[in-house]
>>> print(open('data02.cif').read())   # mmCIF, C-alpha atoms
data_upload
#
loop_
_atom_site.group_PDB
_atom_site.id
_atom_site.type_symbol
_atom_site.label_atom_id
_atom_site.label_comp_id
_atom_site.auth_asym_id
_atom_site.auth_seq_id
_atom_site.Cartn_x
_atom_site.Cartn_y
_atom_site.Cartn_z
ATOM 1 C CA MET A 1 32.228 -8.726 18.000
ATOM 2 C CA HIS A 2 31.626 -5.463 19.857
ATOM 3 C CA GLY A 3 35.126 -4.293 18.999
ATOM 4 C CA TYR A 4 34.532 -4.893 15.303
ATOM 5 C CA LEU A 5 31.322 -2.884 15.365
ATOM 6 C CA VAL A 6 32.990 -0.010 17.196
ATOM 7 C CA GLY A 7 35.865 -0.066 14.711
ATOM 8 C CA LEU A 8 33.517 -0.111 11.728
ATOM 9 C CA ALA A 9 31.438 2.745 13.147
ATOM 10 C CA GLY A 10 34.583 4.753 13.891
ATOM 11 C CA ALA A 11 35.842 4.214 10.353
ATOM 12 C CA ALA A 12 32.497 5.306 8.868
ATOM 13 C CA VAL A 13 32.440 8.489 10.950
ATOM 14 C CA THR A 14 36.074 9.225 10.067
ATOM 15 C CA VAL A 15 35.394 8.814 6.336
ATOM 16 C CA GLY A 16 32.356 11.114 6.608
ATOM 17 C CA ALA A 17 34.388 13.754 8.424
ATOM 18 C CA GLY A 18 37.180 13.450 5.846
ATOM 19 C CA LEU A 19 34.714 13.998 3.009
ATOM 20 C CA GLY A 20 33.368 17.023 4.852
ATOM 21 C CA VAL A 21 36.841 18.509 5.290
ATOM 22 C CA ALA A 22 37.609 17.939 1.599
ATOM 23 C CA ALA A 23 34.349 19.617 0.580
ATOM 24 C CA VAL A 24 34.862 22.629 2.857
ATOM 25 C CA ALA A 25 38.552 23.152 2.161
ATOM 26 C CA ALA A 26 38.826 22.353 -1.550
ATOM 27 C CA SER A 27 35.213 22.077 -2.782
ATOM 28 C CA TRP A 28 35.950 18.460 -3.700
ATOM 29 C CA LEU A 29 33.047 16.022 -3.663
ATOM 30 C CA PRO A 30 32.896 12.247 -4.003
ATOM 31 C CA PRO A 31 31.830 11.129 -7.496
ATOM 32 C CA LEU A 32 28.515 9.681 -6.281
ATOM 33 C CA VAL A 33 27.155 13.054 -5.178
ATOM 34 C CA ARG A 34 29.010 15.358 -7.551
ATOM 35 C CA ARG A 35 26.118 15.710 -10.010
ATOM 36 C CA ARG A 36 23.514 16.637 -7.378
ATOM 37 C CA VAL A 37 25.421 19.042 -5.129
ATOM 38 C CA VAL A 38 25.480 22.695 -6.153
ATOM 39 C CA ARG A 39 26.910 24.111 -2.904
ATOM 40 C CA PRO A 40 29.843 21.867 -1.927
ATOM 41 C CA ARG A 41 30.935 23.881 1.097
ATOM 42 C CA LEU A 42 27.473 23.761 2.659
ATOM 43 C CA TRP A 43 27.350 20.037 1.913
ATOM 44 C CA GLY A 44 30.768 19.687 3.580
ATOM 45 C CA TRP A 45 29.658 21.513 6.721
ATOM 46 C CA GLY A 46 26.680 19.178 6.835
ATOM 47 C CA ALA A 47 28.956 16.154 6.552
ATOM 48 C CA LEU A 48 31.207 17.481 9.320
ATOM 49 C CA SER A 49 28.388 18.253 11.727
ATOM 50 C CA GLY A 50 26.674 14.955 10.915
ATOM 51 C CA SER A 51 29.871 13.031 11.641
ATOM 52 C CA LEU A 52 30.417 14.900 14.882
ATOM 53 C CA GLY A 53 26.831 14.314 15.959
ATOM 54 C CA MET A 54 26.922 10.615 15.131
ATOM 55 C CA SER A 55 30.196 10.142 16.986
ATOM 56 C CA LEU A 56 28.764 11.909 20.049
ATOM 57 C CA PHE A 57 25.677 9.734 19.880
ATOM 58 C CA MET A 58 27.629 6.502 19.531
ATOM 59 C CA LEU A 59 30.287 7.235 22.130
ATOM 60 C CA LEU A 60 27.909 8.636 24.754
ATOM 61 C CA GLY A 61 24.909 6.473 23.944
ATOM 62 C CA PRO A 62 24.874 2.817 22.924
ATOM 63 C CA PHE A 63 28.644 2.240 23.010
ATOM 64 C CA HIS A 64 29.061 3.913 26.404
ATOM 65 C CA GLY A 65 26.766 1.621 28.321
ATOM 66 C CA PRO A 66 23.507 1.822 30.257
ATOM 67 C CA ASP A 67 24.347 5.132 31.959
ATOM 68 C CA ALA A 68 21.140 7.192 32.023
ATOM 69 C CA ASP A 69 23.027 10.369 32.930
ATOM 70 C CA MET A 70 24.530 10.515 29.439
ATOM 71 C CA THR A 71 21.199 10.237 27.614
ATOM 72 C CA PRO A 72 20.688 14.004 27.068
ATOM 73 C CA TYR A 73 24.177 14.320 25.598
ATOM 74 C CA ALA A 74 23.655 11.325 23.335
ATOM 75 C CA LEU A 75 20.360 12.749 22.092
ATOM 76 C CA THR A 76 22.078 16.090 21.495
ATOM 77 C CA GLY A 77 24.511 14.208 19.270
ATOM 78 C CA MET A 78 21.600 12.679 17.367
ATOM 79 C CA ALA A 79 20.047 16.139 16.924
ATOM 80 C CA LEU A 80 23.378 17.434 15.591
ATOM 81 C CA PHE A 81 23.459 14.518 13.165
ATOM 82 C CA LEU A 82 19.986 15.447 11.892
ATOM 83 C CA VAL A 83 21.033 19.093 11.491
ATOM 84 C CA GLY A 84 24.006 17.885 9.445
ATOM 85 C CA GLN A 85 21.721 15.831 7.222
ATOM 86 C CA ALA A 86 19.498 18.877 6.701
ATOM 87 C CA LEU A 87 22.544 20.956 5.707
ATOM 88 C CA GLN A 88 23.578 18.292 3.226
ATOM 89 C CA MET A 89 20.106 18.331 1.707
ATOM 90 C CA LEU A 90 20.224 22.131 1.409
ATOM 91 C CA GLY A 91 23.498 21.830 -0.502
ATOM 92 C CA GLN A 92 21.838 19.782 -3.248
ATOM 93 C CA TYR A 93 19.663 20.775 -6.181
ATOM 94 C CA PRO A 94 16.305 22.221 -5.207
ATOM 95 C CA GLY A 95 13.237 20.130 -5.892
ATOM 96 C CA ARG A 96 11.173 20.719 -8.969
ATOM 97 C CA THR A 97 7.473 21.410 -8.959
ATOM 98 C CA ALA A 98 5.079 19.937 -11.494
ATOM 99 C CA LYS A 99 3.875 22.421 -14.070
ATOM 100 C CA SER A 100 0.147 22.869 -14.181
ATOM 101 C CA PRO A 101 -1.471 22.796 -17.613
ATOM 102 C CA ARG A 102 -2.236 26.191 -19.038
ATOM 103 C CA THR A 103 -5.894 26.964 -19.536
ATOM 104 C CA ASP A 104 -5.527 30.385 -21.147
ATOM 105 C CA LEU A 105 -4.482 29.153 -24.597
ATOM 106 C CA ASN A 106 -7.646 30.428 -26.310
#
>>> encode(input="data02.cif", output="structure tokens")
Amino acid sequence: MHGYLVGLAGAAVTVGAGLGVAAVAASWLPPLVRRRVVRPRLWGWGALSGSLGMSLFMLLGPFHGPDADMTPYALTGMALFLVGQALQMLGQYPGRTAKSPRTDLN
């Protein structure tokens, strides 16, 4: 069962990295996010760094074993994953603020 989970996680990271390369190189986005993303290259860099961070976390952390010496490197991978997610969020539409009612209509 462990081999299946490692294979599935490796495939997910590879697909994420492939989407990032496509977004950086050709500004191509998957159809599910195409409407929301206004900066495809930034989104692609986020996908690449997120995939790299998640692969570092998985290969040096839970899939590596109970080696406590690798914990700082695994947590660095998780931090890189979070930076990638932040970059992907920055590549999307900005949030909208609620308009306050005007009181100077007199």
>>> residues_around(input="data02.cif", residues="A:Ala22", least_positions_apart="2", cutoff="12 Å", atoms="only C-alpha atoms", output="list in words")
Val15, Gly16, Ala17, Gly18, Leu19, Gly20, Val24, Ala25, Ala26, Ser27, Trp28, Leu29, Pro30, Pro40, Arg41, Leu42, Trp43, Gly44, Trp45, Ala47 and Leu48 of chain A
>>> atom_distance(input="data02.cif", atom1="atom CA of A:Pro31", atom2="atom CA of A:Ala9")
22.3 Å
>>> atom_distance(input="data02.cif", atom1="atom CA of A:Phe81", atom2="atom CA of A:Thr14")
14.0 Å
>>> atom_distance(input="data02.cif", atom1="atom CA of A:Leu87", atom2="atom CA of A:Leu8")
24.5 Å
>>> residues_around(input="data02.cif", residues="A:Leu5", least_positions_apart="6", cutoff="12 Å", atoms="only C-alpha atoms", output="PyMOL selection string")
chain A and resi 11-12+58+62-63
>>> resolve_selection(input="data02.cif", expression="the PyMOL selection byres ((chain A and resi 38) around 6)", output="ChimeraX atom specification")
/A:37,39,92
>>> write_last_selection(input="data02.cif", atoms="C-alpha atoms", output="PDB file, in the coordinates of the input")
ATOM      1  CA  VAL A  37      25.421  19.042  -5.129  1.00  0.00           C
ATOM      2  CA  ARG A  39      26.910  24.111  -2.904  1.00  0.00           C
ATOM      3  CA  GLN A  92      21.838  19.782  -3.248  1.00  0.00           C
TER       4      GLN A  92
END
>>> resolve_selection(input="data02.cif", expression="the PyMOL selection byres ((chain A and resi 76) around 12)", output="list in words")
Ser49, Gly50, Leu52, Gly53, Met54, Ser55, Leu56, Phe57, Met58, Leu60, Gly61, Met70, Thr71, Pro72, Tyr73, Ala74, Leu75, Gly77, Met78, Ala79, Leu80, Phe81, Leu82 and Val83 of chain A
>>> closest_residue(input="data02.cif", among="A:Gln85, A:Gly91, A:Asp69, A:Gly7", to="A:Arg35", atoms="all atoms listed in the file")
A:Gly91
>>> decode(input="data02.cif", residues="stretch 52-79 of chain A", atoms="N, CA, C and O atoms", output="mmCIF file, in the first residue's frame")
data_model
loop_
_atom_site.group_PDB
_atom_site.id
_atom_site.type_symbol
_atom_site.label_atom_id
_atom_site.label_comp_id
_atom_site.auth_asym_id
_atom_site.auth_seq_id
_atom_site.Cartn_x
_atom_site.Cartn_y
_atom_site.Cartn_z
ATOM 1 N N LEU A 52 7.805 21.673 -6.014
ATOM 2 C CA LEU A 52 9.138 21.388 -5.503
ATOM 3 C C LEU A 52 9.116 21.281 -3.985
ATOM 4 O O LEU A 52 9.704 20.359 -3.399
ATOM 5 N N GLY A 53 8.422 22.192 -3.332
ATOM 6 C CA GLY A 53 8.349 22.156 -1.877
ATOM 7 C C GLY A 53 7.647 20.918 -1.362
ATOM 8 O O GLY A 53 8.089 20.303 -0.381
ATOM 9 N N MET A 54 6.552 20.535 -2.014
ATOM 10 C CA MET A 54 5.830 19.340 -1.566
ATOM 11 C C MET A 54 6.658 18.085 -1.799
ATOM 12 O O MET A 54 6.647 17.168 -0.974
ATOM 13 N N SER A 55 7.391 18.029 -2.899
ATOM 14 C CA SER A 55 8.223 16.846 -3.126
ATOM 15 C C SER A 55 9.364 16.780 -2.106
ATOM 16 O O SER A 55 9.701 15.696 -1.623
ATOM 17 N N LEU A 56 9.951 17.927 -1.765
ATOM 18 C CA LEU A 56 10.978 17.916 -0.714
ATOM 19 C C LEU A 56 10.390 17.454 0.611
ATOM 20 O O LEU A 56 11.006 16.666 1.332
ATOM 21 N N PHE A 57 9.209 17.968 0.940
ATOM 22 C CA PHE A 57 8.589 17.569 2.195
ATOM 23 C C PHE A 57 8.301 16.069 2.229
ATOM 24 O O PHE A 57 8.590 15.394 3.203
ATOM 25 N N MET A 58 7.734 15.553 1.149
ATOM 26 C CA MET A 58 7.365 14.136 1.146
ATOM 27 C C MET A 58 8.583 13.221 1.137
ATOM 28 O O MET A 58 8.613 12.213 1.847
ATOM 29 N N LEU A 59 9.580 13.567 0.343
ATOM 30 C CA LEU A 59 10.730 12.665 0.214
ATOM 31 C C LEU A 59 11.678 12.739 1.402
ATOM 32 O O LEU A 59 12.364 11.766 1.714
ATOM 33 N N LEU A 60 11.723 13.888 2.084
ATOM 34 C CA LEU A 60 12.609 14.008 3.243
ATOM 35 C C LEU A 60 11.868 13.877 4.554
ATOM 36 O O LEU A 60 12.486 13.770 5.601
ATOM 37 N N GLY A 61 10.556 13.910 4.515
ATOM 38 C CA GLY A 61 9.762 13.848 5.732
ATOM 39 C C GLY A 61 9.110 12.505 5.922
ATOM 40 O O GLY A 61 9.772 11.513 6.246
ATOM 41 N N PRO A 62 7.794 12.413 5.701
ATOM 42 C CA PRO A 62 7.070 11.188 6.034
ATOM 43 C C PRO A 62 7.463 9.967 5.203
ATOM 44 O O PRO A 62 7.422 8.854 5.709
ATOM 45 N N PHE A 63 7.874 10.144 3.949
ATOM 46 C CA PHE A 63 8.224 8.982 3.144
ATOM 47 C C PHE A 63 9.662 8.537 3.378
ATOM 48 O O PHE A 63 10.044 7.462 2.979
ATOM 49 N N HIS A 64 10.464 9.374 4.009
ATOM 50 C CA HIS A 64 11.866 9.029 4.252
ATOM 51 C C HIS A 64 12.016 8.103 5.447
ATOM 52 O O HIS A 64 12.844 7.204 5.453
ATOM 53 N N GLY A 65 11.233 8.348 6.461
ATOM 54 C CA GLY A 65 11.319 7.523 7.661
ATOM 55 C C GLY A 65 11.461 8.385 8.899
ATOM 56 O O GLY A 65 11.431 9.603 8.834
ATOM 57 N N PRO A 66 11.672 7.749 10.046
ATOM 58 C CA PRO A 66 11.721 8.505 11.306
ATOM 59 C C PRO A 66 13.095 9.115 11.603
ATOM 60 O O PRO A 66 13.568 9.067 12.727
ATOM 61 N N ASP A 67 13.749 9.679 10.609
ATOM 62 C CA ASP A 67 15.057 10.285 10.794
ATOM 63 C C ASP A 67 14.874 11.745 11.205
ATOM 64 O O ASP A 67 14.457 12.581 10.411
ATOM 65 N N ALA A 68 15.206 12.056 12.455
ATOM 66 C CA ALA A 68 14.993 13.411 12.974
ATOM 67 C C ALA A 68 15.976 14.416 12.390
ATOM 68 O O ALA A 68 15.735 15.621 12.459
ATOM 69 N N ASP A 69 17.066 13.952 11.804
ATOM 70 C CA ASP A 69 18.030 14.878 11.214
ATOM 71 C C ASP A 69 17.492 15.549 9.957
ATOM 72 O O ASP A 69 17.971 16.613 9.577
ATOM 73 N N MET A 70 16.526 14.946 9.313
ATOM 74 C CA MET A 70 15.959 15.500 8.085
ATOM 75 C C MET A 70 14.781 16.432 8.332
ATOM 76 O O MET A 70 14.246 17.018 7.404
ATOM 77 N N THR A 71 14.360 16.585 9.574
ATOM 78 C CA THR A 71 13.180 17.390 9.875
ATOM 79 C C THR A 71 13.308 18.840 9.424
ATOM 80 O O THR A 71 12.363 19.376 8.825
ATOM 81 N N PRO A 72 14.438 19.529 9.631
ATOM 82 C CA PRO A 72 14.518 20.917 9.153
ATOM 83 C C PRO A 72 14.386 21.032 7.636
ATOM 84 O O PRO A 72 13.768 21.973 7.133
ATOM 85 N N TYR A 73 14.929 20.069 6.908
ATOM 86 C CA TYR A 73 14.828 20.101 5.455
ATOM 87 C C TYR A 73 13.401 19.825 4.997
ATOM 88 O O TYR A 73 12.912 20.433 4.037
ATOM 89 N N ALA A 74 12.729 18.915 5.672
ATOM 90 C CA ALA A 74 11.338 18.627 5.337
ATOM 91 C C ALA A 74 10.459 19.836 5.618
ATOM 92 O O ALA A 74 9.572 20.167 4.825
ATOM 93 N N LEU A 75 10.691 20.515 6.720
ATOM 94 C CA LEU A 75 9.902 21.710 7.030
ATOM 95 C C LEU A 75 10.229 22.862 6.092
ATOM 96 O O LEU A 75 9.369 23.692 5.797
ATOM 97 N N THR A 76 11.458 22.917 5.589
ATOM 98 C CA THR A 76 11.799 23.897 4.562
ATOM 99 C C THR A 76 11.012 23.616 3.289
ATOM 100 O O THR A 76 10.537 24.545 2.620
ATOM 101 N N GLY A 77 10.838 22.355 2.958
ATOM 102 C CA GLY A 77 10.001 21.996 1.811
ATOM 103 C C GLY A 77 8.558 22.414 2.009
ATOM 104 O O GLY A 77 7.905 22.905 1.089
ATOM 105 N N MET A 78 8.040 22.255 3.227
ATOM 106 C CA MET A 78 6.669 22.690 3.501
ATOM 107 C C MET A 78 6.551 24.208 3.400
ATOM 108 O O MET A 78 5.555 24.732 2.900
ATOM 109 N N ALA A 79 7.564 24.934 3.872
ATOM 110 C CA ALA A 79 7.545 26.398 3.749
ATOM 111 C C ALA A 79 7.587 26.819 2.283
ATOM 112 O O ALA A 79 6.883 27.754 1.875
#
